[in-house]
Structure formats: structure tokens, C-alpha cells
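Okay, structure.txt is below, compact mmCIF, C-alpha atoms and all ligand atoms:
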```txt
# COMPACT_ATOMS: atom_id res chain seq x y z
CA MET A 1 36.95 2.49 -3.71
CA ASN A 2 34.75 1.85 -6.75
CA SER A 3 31.50 3.79 -6.98
CA ILE A 4 28.61 1.92 -5.38
CA LEU A 5 26.85 2.22 -8.74
CA SER A 6 29.46 -0.02 -10.36
CA TYR A 7 28.35 -2.95 -8.15
CA GLU A 8 25.46 -5.21 -9.05
CA THR A 9 22.75 -5.25 -6.39
CA VAL A 10 21.89 -8.86 -7.11
CA SER A 11 23.26 -11.38 -9.58
CA LEU A 12 23.77 -15.06 -10.26
CA ASP A 13 27.26 -16.55 -10.17
CA GLU A 14 26.88 -19.25 -12.81
CA ARG A 15 30.13 -21.01 -12.00
CA GLU A 16 29.54 -21.26 -8.26
CA GLY A 17 25.77 -21.60 -8.53
CA ALA A 18 25.46 -18.78 -6.00
CA LEU A 19 23.24 -15.79 -5.41
CA VAL A 20 25.52 -12.77 -5.20
CA ILE A 21 24.25 -9.73 -3.32
CA LEU A 22 25.65 -6.51 -1.97
CA ASP A 23 25.12 -6.72 1.78
CA GLN A 24 22.94 -3.63 2.24
CA THR A 25 23.01 -3.85 6.02
CA LYS A 26 26.70 -2.82 5.89
CA LEU A 27 26.31 0.17 3.58
CA PRO A 28 27.56 2.87 3.36
CA ASN A 29 30.53 2.03 5.58
CA GLU A 30 31.55 -1.25 4.01
CA ILE A 31 30.94 -2.62 0.53
CA ILE A 32 30.68 -6.36 0.96
CA THR A 33 29.34 -8.88 -1.51
CA LEU A 34 27.90 -12.16 -0.26
CA HIS A 35 27.83 -15.42 -2.20
CA LEU A 36 24.90 -17.52 -1.02
CA THR A 37 24.27 -21.10 -2.05
CA ASP A 38 22.04 -22.41 0.72
CA ILE A 39 18.30 -21.69 0.65
CA ARG A 40 18.29 -20.90 4.40
CA GLU A 41 21.00 -18.28 3.89
CA ILE A 42 18.98 -16.80 1.02
CA TRP A 43 15.80 -16.69 3.14
CA ARG A 44 17.74 -14.97 5.87
CA ALA A 45 19.34 -12.47 3.49
CA ILE A 46 15.86 -11.39 2.38
CA TYR A 47 14.44 -11.34 5.93
CA THR A 48 17.32 -9.30 7.36
CA LEU A 49 17.29 -6.87 4.39
CA GLN A 50 20.78 -7.78 3.20
CA VAL A 51 18.96 -7.69 -0.10
CA ARG A 52 15.91 -5.43 -0.07
CA GLY A 53 13.59 -3.27 -2.14
CA ALA A 54 10.64 -4.89 -3.87
CA PRO A 55 12.16 -5.52 -7.34
CA ALA A 56 15.53 -6.70 -5.92
CA ILE A 57 13.72 -9.09 -3.56
CA GLY A 58 11.88 -10.54 -6.57
CA ILE A 59 15.10 -11.00 -8.54
CA ALA A 60 16.88 -12.55 -5.55
CA ALA A 61 13.97 -14.94 -5.00
CA GLY A 62 14.04 -16.03 -8.65
CA PHE A 63 17.77 -16.76 -8.52
CA GLY A 64 17.39 -18.30 -5.05
CA LEU A 65 14.69 -20.69 -6.17
CA TYR A 66 16.73 -21.76 -9.18
CA ILE A 67 19.74 -22.41 -6.94
CA ALA A 68 17.58 -24.37 -4.51
CA VAL A 69 16.17 -26.73 -7.14
CA LYS A 70 18.96 -27.05 -9.69
CA ASP A 71 20.51 -30.01 -7.86
CA ILE A 72 17.31 -31.88 -7.00
CA ASP A 73 18.27 -35.40 -7.94
CA THR A 74 15.25 -36.98 -9.57
CA GLU A 75 13.85 -37.79 -12.99
CA ASP A 76 10.32 -37.94 -11.59
CA TYR A 77 8.21 -34.87 -12.42
CA GLY A 78 5.85 -35.30 -9.41
CA GLU A 79 8.72 -35.48 -6.96
CA PHE A 80 10.46 -32.52 -8.59
CA LEU A 81 7.28 -30.42 -8.42
CA ARG A 82 6.75 -31.28 -4.75
CA LYS A 83 10.32 -30.30 -3.80
CA PHE A 84 10.12 -27.20 -6.01
CA ARG A 85 6.94 -26.06 -4.20
CA GLU A 86 8.49 -26.67 -0.79
CA ALA A 87 11.39 -24.37 -1.72
CA LYS A 88 9.03 -21.81 -3.26
CA ASP A 89 6.78 -21.63 -0.19
CA TYR A 90 9.78 -21.36 2.09
CA LEU A 91 11.27 -18.40 0.20
CA ASN A 92 7.83 -16.81 -0.06
CA SER A 93 7.59 -16.75 3.74
CA SER A 94 10.65 -14.50 4.11
CA ARG A 95 8.80 -11.17 3.77
CA PRO A 96 5.05 -10.67 3.33
CA THR A 97 4.48 -7.21 1.87
CA ALA A 98 6.40 -6.71 -1.39
CA VAL A 99 4.33 -8.56 -3.95
CA ASN A 100 7.35 -8.87 -6.28
CA LEU A 101 8.50 -11.77 -4.10
CA SER A 102 5.48 -13.97 -4.79
CA TRP A 103 5.22 -12.56 -8.33
CA ALA A 104 8.73 -13.80 -9.20
CA LEU A 105 8.26 -17.15 -7.45
CA THR A 106 4.93 -17.71 -9.23
CA ARG A 107 6.59 -16.90 -12.57
CA MET A 108 9.15 -19.61 -11.82
CA GLU A 109 6.41 -22.06 -10.81
CA ARG A 110 4.56 -21.46 -14.08
CA VAL A 111 7.68 -22.60 -15.93
CA VAL A 112 7.50 -25.92 -14.09
CA THR A 113 3.75 -26.49 -14.40
CA SER A 114 3.52 -25.49 -18.05
CA ASN A 115 6.37 -27.80 -19.07
CA ALA A 116 5.23 -31.00 -17.36
CA GLY A 117 5.99 -33.03 -20.51
CA LYS A 118 9.67 -32.05 -20.55
CA THR A 119 12.55 -33.81 -18.83
CA ILE A 120 13.81 -32.50 -15.47
CA PRO A 121 17.12 -31.23 -16.96
CA GLU A 122 15.11 -29.35 -19.61
CA ILE A 123 12.85 -27.83 -16.94
CA LYS A 124 15.91 -26.79 -14.92
CA GLU A 125 17.34 -25.04 -17.98
CA LEU A 126 14.05 -23.20 -18.53
CA LEU A 127 14.09 -22.11 -14.87
CA HIS A 128 17.62 -20.83 -15.38
CA GLU A 129 16.45 -18.74 -18.34
CA GLU A 130 13.42 -17.47 -16.45
CA CYS A 131 15.30 -16.15 -13.44
CA ARG A 132 17.78 -14.39 -15.70
CA ALA A 133 14.87 -12.88 -17.67
CA ILE A 134 13.32 -11.52 -14.46
CA LYS A 135 16.51 -9.56 -13.88
CA SER A 136 17.08 -8.32 -17.42
CA GLU A 137 13.44 -7.24 -17.77
CA ASP A 138 13.82 -5.28 -14.53
CA ILE A 139 16.63 -3.16 -15.98
CA ASP A 140 14.48 -2.32 -18.97
CA MET A 141 11.40 -1.59 -16.83
CA CYS A 142 13.31 0.74 -14.53
CA ARG A 143 14.70 2.67 -17.46
CA ARG A 144 11.23 3.13 -18.89
CA ILE A 145 9.91 4.24 -15.50
CA GLY A 146 12.74 6.78 -15.50
CA GLU A 147 11.72 8.06 -18.95
CA HIS A 148 8.11 8.56 -17.89
CA GLY A 149 9.12 10.06 -14.55
CA LEU A 150 11.41 12.59 -16.25
CA THR A 151 8.40 14.11 -18.02
CA LEU A 152 7.08 15.19 -14.61
CA ILE A 153 10.02 17.37 -13.50
CA LYS A 154 12.19 20.17 -14.82
CA ASP A 155 15.97 20.32 -14.61
CA GLY A 156 16.95 21.67 -11.19
CA ALA A 157 13.71 20.63 -9.47
CA GLY A 158 13.62 19.74 -5.77
CA ILE A 159 12.47 16.17 -5.16
CA LEU A 160 11.71 14.58 -1.81
CA THR A 161 12.08 10.82 -1.57
CA HIS A 162 11.47 8.30 1.21
CA CYS A 163 13.31 5.02 1.85
CA ASN A 164 15.45 3.76 -1.02
CA ALA A 165 13.85 3.03 -4.36
CA GLY A 166 17.04 3.38 -6.35
CA GLN A 167 19.56 1.08 -8.00
CA LEU A 168 20.13 -0.62 -4.65
CA ALA A 169 16.48 -1.71 -4.59
CA THR A 170 16.46 -2.96 -8.19
CA SER A 171 19.00 -4.09 -10.74
CA LYS A 172 19.74 -0.66 -12.22
CA TYR A 173 18.33 2.91 -12.11
CA GLY A 174 15.70 2.11 -9.48
CA THR A 175 12.09 3.24 -9.64
CA ALA A 176 11.59 6.48 -7.69
CA LEU A 177 15.23 7.42 -8.33
CA ALA A 178 15.26 6.29 -11.97
CA PRO A 179 14.32 9.75 -13.35
CA ILE A 180 17.13 11.27 -11.29
CA HIS A 181 19.78 8.80 -12.53
CA LEU A 182 18.50 8.99 -16.10
CA GLY A 183 18.48 12.77 -15.88
CA ARG A 184 22.14 12.66 -14.82
CA GLU A 185 22.99 10.61 -17.93
CA ARG A 186 21.49 13.52 -19.90
CA GLY A 187 23.40 16.22 -18.06
CA MET A 188 20.50 17.29 -15.83
CA ASN A 189 20.68 17.71 -12.10
CA PHE A 190 18.03 17.74 -9.43
CA ARG A 191 18.09 18.66 -5.78
CA VAL A 192 17.11 15.50 -3.93
CA TYR A 193 16.02 15.50 -0.30
CA CYS A 194 16.22 12.06 1.32
CA ASP A 195 14.15 11.23 4.39
CA GLU A 196 16.44 9.22 6.64
CA THR A 197 13.66 6.59 6.99
CA ARG A 198 13.52 5.31 10.54
CA PRO A 199 14.04 2.70 11.81
CA LEU A 200 16.29 1.01 9.23
CA LEU A 201 17.69 4.20 7.65
CA GLN A 202 17.40 3.21 4.02
CA GLY A 203 17.28 6.90 3.09
CA ALA A 204 20.30 7.94 5.16
CA ARG A 205 22.45 4.92 4.38
CA LEU A 206 21.44 3.97 0.83
CA SER A 207 19.66 6.71 -1.14
CA THR A 208 22.17 9.40 -0.19
CA PHE A 209 25.04 7.02 -0.95
CA GLU A 210 23.91 6.08 -4.43
CA LEU A 211 22.76 9.61 -5.37
CA MET A 212 26.03 11.19 -4.27
CA ALA A 213 27.94 8.55 -6.23
CA ASP A 214 26.03 9.78 -9.28
CA GLY A 215 26.94 13.41 -8.56
CA VAL A 216 23.40 14.39 -7.53
CA ASP A 217 22.85 17.41 -5.28
CA THR A 218 21.74 15.39 -2.23
CA THR A 219 20.45 16.56 1.17
CA LEU A 220 19.61 14.31 4.09
CA ILE A 221 16.76 15.18 6.44
CA CYS A 222 15.26 13.42 9.45
CA ASP A 223 11.78 12.08 8.72
CA ASN A 224 10.18 14.69 10.95
CA MET A 225 11.68 17.56 8.91
CA ALA A 226 9.68 16.92 5.74
CA SER A 227 6.95 19.40 6.64
CA GLN A 228 9.42 22.21 7.29
CA VAL A 229 11.38 21.51 4.11
CA MET A 230 8.14 21.61 2.12
CA LYS A 231 7.10 24.83 3.83
CA MET A 232 10.46 26.38 2.90
CA GLY A 233 9.47 25.87 -0.75
CA LEU A 234 12.33 23.46 -1.48
CA ILE A 235 10.20 20.61 -2.82
CA ASP A 236 8.56 20.57 -6.26
CA ALA A 237 7.51 16.93 -6.24
CA VAL A 238 7.64 13.80 -4.09
CA PHE A 239 8.85 10.57 -5.73
CA VAL A 240 8.50 7.30 -3.81
CA GLY A 241 8.64 3.62 -4.68
CA CYS A 242 6.09 0.97 -3.80
CA ASP A 243 5.92 -2.58 -2.50
CA ARG A 244 2.36 -3.35 -3.55
CA VAL A 245 -0.27 -1.24 -5.29
CA ALA A 246 -3.93 -2.24 -5.02
CA ALA A 247 -6.37 -2.13 -7.93
CA ASN A 248 -7.85 1.17 -6.65
CA GLY A 249 -4.41 2.87 -6.54
CA ASP A 250 -3.82 2.59 -2.78
CA ALA A 251 -0.03 2.23 -2.58
CA CYS A 252 1.89 0.36 0.10
CA ASN A 253 5.46 1.52 0.69
CA LYS A 254 7.99 1.94 3.48
CA ILE A 255 6.59 3.10 6.81
CA GLY A 256 6.32 6.89 6.84
CA THR A 257 5.35 7.25 3.20
CA SER A 258 1.67 7.94 3.88
CA GLY A 259 2.59 10.78 6.25
CA VAL A 260 4.70 12.38 3.52
CA ALA A 261 1.74 12.08 1.13
CA ILE A 262 -0.57 13.82 3.60
CA LEU A 263 1.96 16.64 4.02
CA ALA A 264 2.39 16.96 0.25
CA LYS A 265 -1.37 17.31 -0.16
CA TYR A 266 -1.43 20.06 2.47
CA TYR A 267 1.35 22.01 0.75
CA GLY A 268 -0.02 21.42 -2.76
CA ILE A 269 3.00 19.39 -3.89
CA PRO A 270 2.39 16.52 -6.36
CA PHE A 271 3.05 13.11 -4.83
CA TYR A 272 4.03 10.37 -7.31
CA VAL A 273 4.43 6.63 -6.80
CA LEU A 274 6.87 4.93 -9.18
CA GLY A 275 7.03 1.18 -9.68
CA PRO A 276 6.92 -1.61 -12.23
CA THR A 277 3.63 -3.31 -13.12
CA SER A 278 4.96 -6.38 -11.25
CA THR A 279 4.24 -4.37 -8.08
CA ILE A 280 0.59 -3.82 -8.98
CA ASP A 281 -1.57 -6.49 -7.40
CA MET A 282 -5.00 -6.42 -9.05
CA LYS A 283 -6.11 -9.19 -6.68
CA ASN A 284 -6.03 -6.61 -3.85
CA ARG A 285 -9.10 -4.45 -4.49
CA THR A 286 -8.00 -1.85 -1.92
CA GLY A 287 -4.92 -1.27 0.19
CA SER A 288 -6.70 -2.31 3.37
CA ILE A 289 -6.02 -6.00 2.70
CA ILE A 290 -2.31 -5.67 1.92
CA PRO A 291 -0.36 -7.62 4.59
CA ILE A 292 1.86 -5.28 6.59
CA GLU A 293 5.11 -6.78 7.84
CA GLN A 294 5.72 -6.33 11.58
CA ARG A 295 9.38 -6.33 12.55
CA PRO A 296 11.28 -6.81 15.82
CA PRO A 297 11.01 -4.01 18.44
CA GLU A 298 14.81 -3.88 18.79
CA GLU A 299 14.97 -2.13 15.41
CA VAL A 300 13.33 0.83 17.15
CA THR A 301 14.83 0.66 20.63
CA GLU A 302 18.41 -0.49 20.02
CA MET A 303 19.55 -0.67 16.45
CA TRP A 304 22.23 1.86 15.42
CA TYR A 305 22.58 3.19 18.98
CA SER A 306 25.69 2.37 20.98
CA ARG A 307 23.32 1.45 23.82
CA ARG A 308 19.59 0.94 24.19
CA MET A 309 17.66 4.23 23.90
CA ALA A 310 14.29 3.28 25.36
CA PRO A 311 13.34 1.89 28.76
CA GLU A 312 13.31 -1.89 29.12
CA GLY A 313 9.77 -3.21 28.83
CA VAL A 314 8.32 -0.28 26.84
CA LYS A 315 5.69 -1.35 24.32
CA VAL A 316 6.80 -0.95 20.70
CA ILE A 317 5.02 -1.43 17.42
CA ASN A 318 7.17 -1.65 14.34
CA PRO A 319 5.12 -1.92 11.15
CA ALA A 320 7.57 -1.87 8.24
CA PHE A 321 5.11 -0.44 5.70
CA ASP A 322 2.05 1.76 5.41
CA VAL A 323 -0.58 2.35 2.77
CA THR A 324 -1.04 5.72 1.08
CA ASP A 325 -4.62 6.42 0.12
CA HIS A 326 -5.07 6.70 -3.66
CA GLU A 327 -6.70 10.12 -3.20
CA LEU A 328 -3.32 11.54 -2.18
CA ILE A 329 -1.49 10.24 -5.26
CA ALA A 330 -1.10 12.49 -8.33
CA GLY A 331 0.12 9.66 -10.58
CA ILE A 332 1.45 6.11 -10.57
CA VAL A 333 4.44 5.89 -12.90
CA THR A 334 5.00 2.45 -14.45
CA GLU A 335 7.10 1.17 -17.32
CA LYS A 336 3.95 1.27 -19.44
CA GLY A 337 3.11 4.90 -18.72
CA ILE A 338 1.64 7.12 -16.02
CA ALA A 339 -1.67 6.05 -14.49
CA ARG A 340 -3.83 8.95 -13.33
CA PRO A 341 -7.01 8.96 -11.24
CA PRO A 342 -9.45 7.29 -11.32
CA TYR A 343 -7.01 4.43 -10.78
CA THR A 344 -9.56 1.63 -10.93
CA GLU A 345 -9.81 2.46 -14.64
CA SER A 346 -6.27 3.59 -15.47
CA LEU A 347 -4.59 0.66 -13.69
CA ARG A 348 -6.97 -1.84 -15.27
CA GLU A 349 -5.98 -0.48 -18.68
CA ILE A 350 -2.24 -0.51 -17.86
CA MET A 351 -2.47 -4.11 -16.64
CA LEU A 352 -4.06 -5.38 -19.86
CA PRO A 353 -1.63 -7.79 -21.54
O1 LIG A 401 12.05 -2.78 3.74
P1 LIG A 401 12.63 -2.42 2.41
O2 LIG A 401 13.90 -1.66 2.50
O3 LIG A 401 12.70 -3.62 1.49
O4 LIG A 401 11.53 -1.44 1.80
C1 LIG A 401 11.75 -0.91 0.53
C2 LIG A 401 10.75 0.07 0.11
O5 LIG A 401 9.79 0.35 0.80
C3 LIG A 401 10.91 0.64 -1.27
O6 LIG A 401 10.44 1.94 -1.33
C4 LIG A 401 10.11 -0.23 -2.26
O7 LIG A 401 10.44 -1.57 -2.10
C5 LIG A 401 10.34 0.18 -3.65
S1 LIG A 401 11.92 -0.29 -4.22
C6 LIG A 401 12.09 0.14 -5.84
```

Show me the file's structure as C-alpha cells.
Amino acid sequence: MNSILSYETVSLDEREGALVILDQTKLPNEIITLHLTDIREIWRAIYTLQVRGAPAIGIAAGFGLYIAVKDIDTEDYGEFLRKFREAKDYLNSSRPTAVNLSWALTRMERVVTSNAGKTIPEIKELLHEECRAIKSEDIDMCRRIGEHGLTLIKDGAGILTHCNAGQLATSKYGTALAPIHLGRERGMNFRVYCDETRPLLQGARLSTFELMADGVDTTLICDNMASQVMKMGLIDAVFVGCDRVAANGDACNKIGTSGVAILAKYYGIPFYVLGPTSTIDMKNRTGSIIPIEQRPPEEVTEMWYSRRMAPEGVKVINPAFDVTDHELIAGIVTEKGIARPPYTESLREIMLP
């Protein structure tokens, strides 16, 4: 079996005109790639987390939108724009929290609206270039995040991470795991503790899988063990990804992240959020207005178990994300550098063109 790191998380098959993704719902037991050509299949792949992680969702949406509009049969700009927007809005409805989804789709839309004088085939070619650029820029951004993140830790450090913000959530390196992978390229090694990340187990299934494939010293813990592991002195820093960061530094990430941040504060461990500037949403003044995705109760009561593990009829809430208060965050690591408190100022500066 090839290493999971040799597979592309998300790519465009030019010949077939298909979005190609690793089906992350099957990992780590089966490595299956899916070739998707229909916009409904692409919507579903994002909704069901076959492709997941904020940057990877953005890349998949860019490719998906290109695939959805490349065969629109018209020479009329108005008609093309209308059909383009229908496809854009549809894909945008697949998941609400990770801002990279709407960021990528809006980037694609700008290509259409700023080239109104061009022919439809020319616009389609520009869209093709744009979606490929979104992916290649992501590789570069993640590497830079890794470089900045590496300045925060020493060889051999113990890092706690939550969910999966690694290569499987991006195109390469990841965000929170980028310093770890980059460190490996340079002969360093870290001890990484992965929260299993209930209810969808991104930590247990994905982070451990990709870190072990890179030869990283990897330990899996249940989410409720983080406090004890911190108390045992095993953790020097917490590195997590993000799905949307507000202008004041409040950071939305996988459910459970804010609890880890509160624990880290208690134990005096620095808590860092790592993500590209495409995840910073300056339109959200604080984290309180970030939309939090609610997912089906069966993910809590049934999924992964051989039979249901909660009484029929029990009430369940299943928010997929939470917001970590900016006061708990020691630094926000982006491709442009590390923002430090006060974030209203440091993020504004980082977001300047
Ligand atoms: O629901 P998911 O698996 O898409 O959630 C992913 C996360 O919360 C990641 O931490 C975040 O998207 C950052 S990925 C680099």
C-alpha cells in the first residue's frame, strides 16, 4: 500500500473533467479515490465530509464550480452568469462554517464579473486557471505556515492537536500539522498527541494516519484525556487549525477545540491557531456571529458503533464547531506571519493587501 501522503487530497482530472478526491469517510481502512463529475455528487461529497477541512473544501468547491459550468452551452453572458450563480449558490449551501468555501466560490465569481467583455470560452478558460491557482497557492501557503509554526517549537516537543488540520485537510502539509511535516523533512521529530475528535473521529482516523505515515511519534487519546495528558507534563504547545477566524481573533474550529484552549490556559500551555489568511473573515467582527453547522444526531448515537449506543428518543445536539475566545489564543499563525494579541490590530495589518 502506498503511503497516504503520496495521494492527493483533492485534484482536477483534466481529461475526464472530474473532481478527484480521497474518500475521507473510508480512511484509514480503505484508500479510495472518487471521480465526481456531477454537481450534486460534489455537493454531497462536501456535506458528508468525503472531502473536508477548510482549505480542501475551498479547493474542491473551486474545481467543482468549474466542472459545473464548463459545459454550459451559451454564448450569452447574462445567461452564463445566471447559471454560474445558481451553481455557486448551490455549492455554497453544502457546509456553512468554513469560510474557505465561500471565499473560493467568490474568487471564481470575480473572474466572471470582471471579464464581462470576454467571450464565454475565454471566461471558462480563466475559471480553469483560477481553480488551479487556488490549489497551487494553498500548497505554498501551507508551507509558509509550517515555516512560521516551526519557530514556536523545539525538536522533540510534545504537541497536542485536535481534529485533522493536516495534508488531508489541505493540498499538502496542512496547517496545524504543517510544522510537524516540515520538521520531518528537516530531520526533526515531535511527539504528537491526537485527540480522537468525537463524533466524526478526524483525529483518530486521519491525523494519526498521516502523521504515522510520515514517521512521527504519534499517540492517540480520547478527547476527555487532554487534561490528564497536560497535567502529566507531556504537552509543550497546542496546535489546531481553524474554519473561520473573526476580526478580533476569535477562532472557530472543530467542536471540542475551545475546551482544549481552556485547559491549555489552566495548565499554562501556549495554544496556537494555524490557518491561511483565506480563513480570516474580517467581515465577522467577533466569533459570536460565525454560523455553526448542526449535524445529524445519528453521528452521536449510532455512527461507528455496531449498534445504537443511546436510547431511542434521547435529545441530542450535534454542533460541528465551536469558537475559541481570542483571549485564550497565544498566536494565530498564517502564511504571512504570526499575529499576536491584540488581534484587532495584528490581523488588520496581516490582512492588508
Ligand atoms: O468537519 P471538518 O472535518 O471539515 O472540520 C475540520 C476542522 O475543523 C479543521 O480543523 C479545520 O478545517 C482546519 S483544516 C486545515

Using all atoms listed in the file, which protein or nucleic acid residues are at most 8 Å from ligand LIG 401 (chain A), as a VMD selection string?
chain A and resid 49 51 to 57 98 162 to 167 169 to 170 174 to 176 200 202 240 to 243 252 to 255 274 to 275 320 to 321

May I ask which of the residues A:Arg191, A:Thr119, A:Asn318, A:Thr279 is the closest one to Pro296 in chain A, counting all atoms listed in the file?
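For Pro296 in chain A, the nearest of the candidates is A:Asn318.
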
Could you give me, as a count of residues only, the residues within 8 Å of Leu34 in chain A, counting only C-alpha atoms and dropping anything in the same chain fewer than 6 positions from it?
5

Which distance in Å separates CA of Val316 in chain A and CA of Glu293 in chain A, to one decimal?
14.2 Å

Give me the residues within 9 Å of Ala204 in chain A as a PyMOL selection string, counting only C-alpha atoms and dropping any in the same chain fewer than 6 places off.
chain A and resi 163-164+194-197+220-222

Between CA of Val229 in chain A and CA of Leu160 in chain A, what is the distance, to one decimal in Å?
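We find that CA of Val229 in chain A and CA of Leu160 in chain A lie 9.1 Å from each other.
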
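Across the model, the gap from CA of Ser93 in chain A to CA of Arg44 in chain A is 10.5 Å.
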
Identify, on the basis of only C-alpha atoms, every residue whose closest approach to Asp138 in chain A does not exceed 8 Å; exclude the query and any residue fewer than 3 positions from it along the same chain; express the result as a list in words.
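Non-adjacent residues within range: Pro55, Ile134, Lys135, Met141, Cys142, Thr170, Ser171 and Lys172 of chain A.
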
Can you pull out every residue within 12 Å of Val245 in chain A, counting all atoms listed in the file, but drop anything in the same chain fewer than 3 positions away, and send it as a VMD selection string?
chain A and resid 54 97 to 100 241 to 242 248 to 253 273 to 291 322 to 326 329 332 to 334 339 343 to 344 347 351

Write out the residues from the selection above, keeping C-alpha atoms, as a PDB file, keeping the file's coordinate frame.
```
ATOM      1  CA  ALA A  54      10.640  -4.890  -3.870  1.00  0.00           C
ATOM      2  CA  THR A  97       4.480  -7.210   1.870  1.00  0.00           C
ATOM      3  CA  ALA A  98       6.400  -6.710  -1.390  1.00  0.00           C
ATOM      4  CA  VAL A  99       4.330  -8.560  -3.950  1.00  0.00           C
ATOM      5  CA  ASN A 100       7.350  -8.870  -6.280  1.00  0.00           C
ATOM      6  CA  GLY A 241       8.640   3.620  -4.680  1.00  0.00           C
ATOM      7  CA  CYS A 242       6.090   0.970  -3.800  1.00  0.00           C
ATOM      8  CA  ASN A 248      -7.850   1.170  -6.650  1.00  0.00           C
ATOM      9  CA  GLY A 249      -4.410   2.870  -6.540  1.00  0.00           C
ATOM     10  CA  ASP A 250      -3.820   2.590  -2.780  1.00  0.00           C
ATOM     11  CA  ALA A 251      -0.030   2.230  -2.580  1.00  0.00           C
ATOM     12  CA  CYS A 252       1.890   0.360   0.100  1.00  0.00           C
ATOM     13  CA  ASN A 253       5.460   1.520   0.690  1.00  0.00           C
ATOM     14  CA  VAL A 273       4.430   6.630  -6.800  1.00  0.00           C
ATOM     15  CA  LEU A 274       6.870   4.930  -9.180  1.00  0.00           C
ATOM     16  CA  GLY A 275       7.030   1.180  -9.680  1.00  0.00           C
ATOM     17  CA  PRO A 276       6.920  -1.610 -12.230  1.00  0.00           C
ATOM     18  CA  THR A 277       3.630  -3.310 -13.120  1.00  0.00           C
ATOM     19  CA  SER A 278       4.960  -6.380 -11.250  1.00  0.00           C
ATOM     20  CA  THR A 279       4.240  -4.370  -8.080  1.00  0.00           C
ATOM     21  CA  ILE A 280       0.590  -3.820  -8.980  1.00  0.00           C
ATOM     22  CA  ASP A 281      -1.570  -6.490  -7.400  1.00  0.00           C
ATOM     23  CA  MET A 282      -5.000  -6.420  -9.050  1.00  0.00           C
ATOM     24  CA  LYS A 283      -6.110  -9.190  -6.680  1.00  0.00           C
ATOM     25  CA  ASN A 284      -6.030  -6.610  -3.850  1.00  0.00           C
ATOM     26  CA  ARG A 285      -9.100  -4.450  -4.490  1.00  0.00           C
ATOM     27  CA  THR A 286      -8.000  -1.850  -1.920  1.00  0.00           C
ATOM     28  CA  GLY A 287      -4.920  -1.270   0.190  1.00  0.00           C
ATOM     29  CA  SER A 288      -6.700  -2.310   3.370  1.00  0.00           C
ATOM     30  CA  ILE A 289      -6.020  -6.000   2.700  1.00  0.00           C
ATOM     31  CA  ILE A 290      -2.310  -5.670   1.920  1.00  0.00           C
ATOM     32  CA  PRO A 291      -0.360  -7.620   4.590  1.00  0.00           C
ATOM     33  CA  ASP A 322       2.050   1.760   5.410  1.00  0.00           C
ATOM     34  CA  VAL A 323      -0.580   2.350   2.770  1.00  0.00           C
ATOM     35  CA  THR A 324      -1.040   5.720   1.080  1.00  0.00           C
ATOM     36  CA  ASP A 325      -4.620   6.420   0.120  1.00  0.00           C
ATOM     37  CA  HIS A 326      -5.070   6.700  -3.660  1.00  0.00           C
ATOM     38  CA  ILE A 329      -1.490  10.240  -5.260  1.00  0.00           C
ATOM     39  CA  ILE A 332       1.450   6.110 -10.570  1.00  0.00           C
ATOM     40  CA  VAL A 333       4.440   5.890 -12.900  1.00  0.00           C
ATOM     41  CA  THR A 334       5.000   2.450 -14.450  1.00  0.00           C
ATOM     42  CA  ALA A 339      -1.670   6.050 -14.490  1.00  0.00           C
ATOM     43  CA  TYR A 343      -7.010   4.430 -10.780  1.00  0.00           C
ATOM     44  CA  THR A 344      -9.560   1.630 -10.930  1.00  0.00           C
ATOM     45  CA  LEU A 347      -4.590   0.660 -13.690  1.00  0.00           C
ATOM     46  CA  MET A 351      -2.470  -4.110 -16.640  1.00  0.00           C
TER      47      MET A 351
END
```

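For Thr151 in chain A, the set of protein, DNA and RNA residues having any atom at most 10 Å away, when counting all atoms listed in the file and skipping those fewer than 5 positions along the same chain, is Gly146, Pro179 and Ile338 of chain A.
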
Nearest residue to Gly149 in chain A out of A:Met303, A:Leu101, A:Ile180, A:Leu5, using all atoms listed in the file?
A:Ile180

Within 10 Å of (8.3, -26.6, -5.2), only C-alpha atoms: residues as number ranges by chain?
A: 65, 68-69, 78-90, 105, 108-109, 112

From A:Arg348, A:Lys231, A:Arg132, A:Arg307, residue lying nearest Tyr66 in chain A [only C-alpha atoms]:
A:Arg132

In terms of the shortest atom-to-atom distance over only C-alpha atoms, which of A:Leu263, A:Tyr7, A:Phe239, A:Leu127 is closest to Ala178 in chain A?
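Nearest candidate to Ala178 in chain A out of A:Leu263, A:Tyr7, A:Phe239, A:Leu127: A:Phe239.
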
Could you list as number ranges by chain every residue that has an atom within 12 Å of (23.7, 19.7, -17.4), using the file's coordinates and counting only C-alpha atoms?
A: 154-156, 182-190, 215-216

Which residue, A:Arg244, A:Lys26, A:Arg308, A:Arg198, has the smallest gap to Gly256 in chain A when you use only C-alpha atoms?
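Among the listed residues, A:Arg198 lies closest to Gly256 in chain A.
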
Can you patch up range 263-271 of chain A, filling it in to N, CA, C and O atoms, and show the result as a tab-separated table (two decimals), in the frame of the given file?
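result-v1.tsv, written as the output of this step:
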```tsv
chain	number	residue	atom	x	y	z
A	263	LEU	N	1.30	15.33	3.99
A	263	LEU	CA	1.96	16.64	4.02
A	263	LEU	C	1.97	17.27	2.62
A	263	LEU	O	1.72	18.46	2.45
A	264	ALA	N	2.30	16.45	1.63
A	264	ALA	CA	2.39	16.96	0.25
A	264	ALA	C	1.03	17.53	-0.18
A	264	ALA	O	0.96	18.59	-0.81
A	265	LYS	N	-0.02	16.83	0.18
A	265	LYS	CA	-1.37	17.31	-0.16
A	265	LYS	C	-1.59	18.69	0.48
A	265	LYS	O	-2.09	19.62	-0.15
A	266	TYR	N	-1.22	18.81	1.74
A	266	TYR	CA	-1.43	20.06	2.47
A	266	TYR	C	-0.71	21.22	1.79
A	266	TYR	O	-1.23	22.32	1.66
A	267	TYR	N	0.54	20.94	1.35
A	267	TYR	CA	1.35	22.01	0.75
A	267	TYR	C	1.14	22.14	-0.76
A	267	TYR	O	1.82	22.93	-1.41
A	268	GLY	N	0.26	21.32	-1.33
A	268	GLY	CA	-0.02	21.42	-2.76
A	268	GLY	C	1.12	20.93	-3.64
A	268	GLY	O	1.35	21.43	-4.74
A	269	ILE	N	1.85	19.93	-3.14
A	269	ILE	CA	3.00	19.39	-3.89
A	269	ILE	C	2.59	18.04	-4.49
A	269	ILE	O	2.04	17.19	-3.77
A	270	PRO	N	2.81	17.82	-5.79
A	270	PRO	CA	2.39	16.52	-6.36
A	270	PRO	C	3.18	15.35	-5.79
A	270	PRO	O	4.41	15.42	-5.65
A	271	PHE	N	2.46	14.30	-5.45
A	271	PHE	CA	3.05	13.11	-4.83
A	271	PHE	C	2.91	11.96	-5.84
A	271	PHE	O	1.80	11.58	-6.20
```
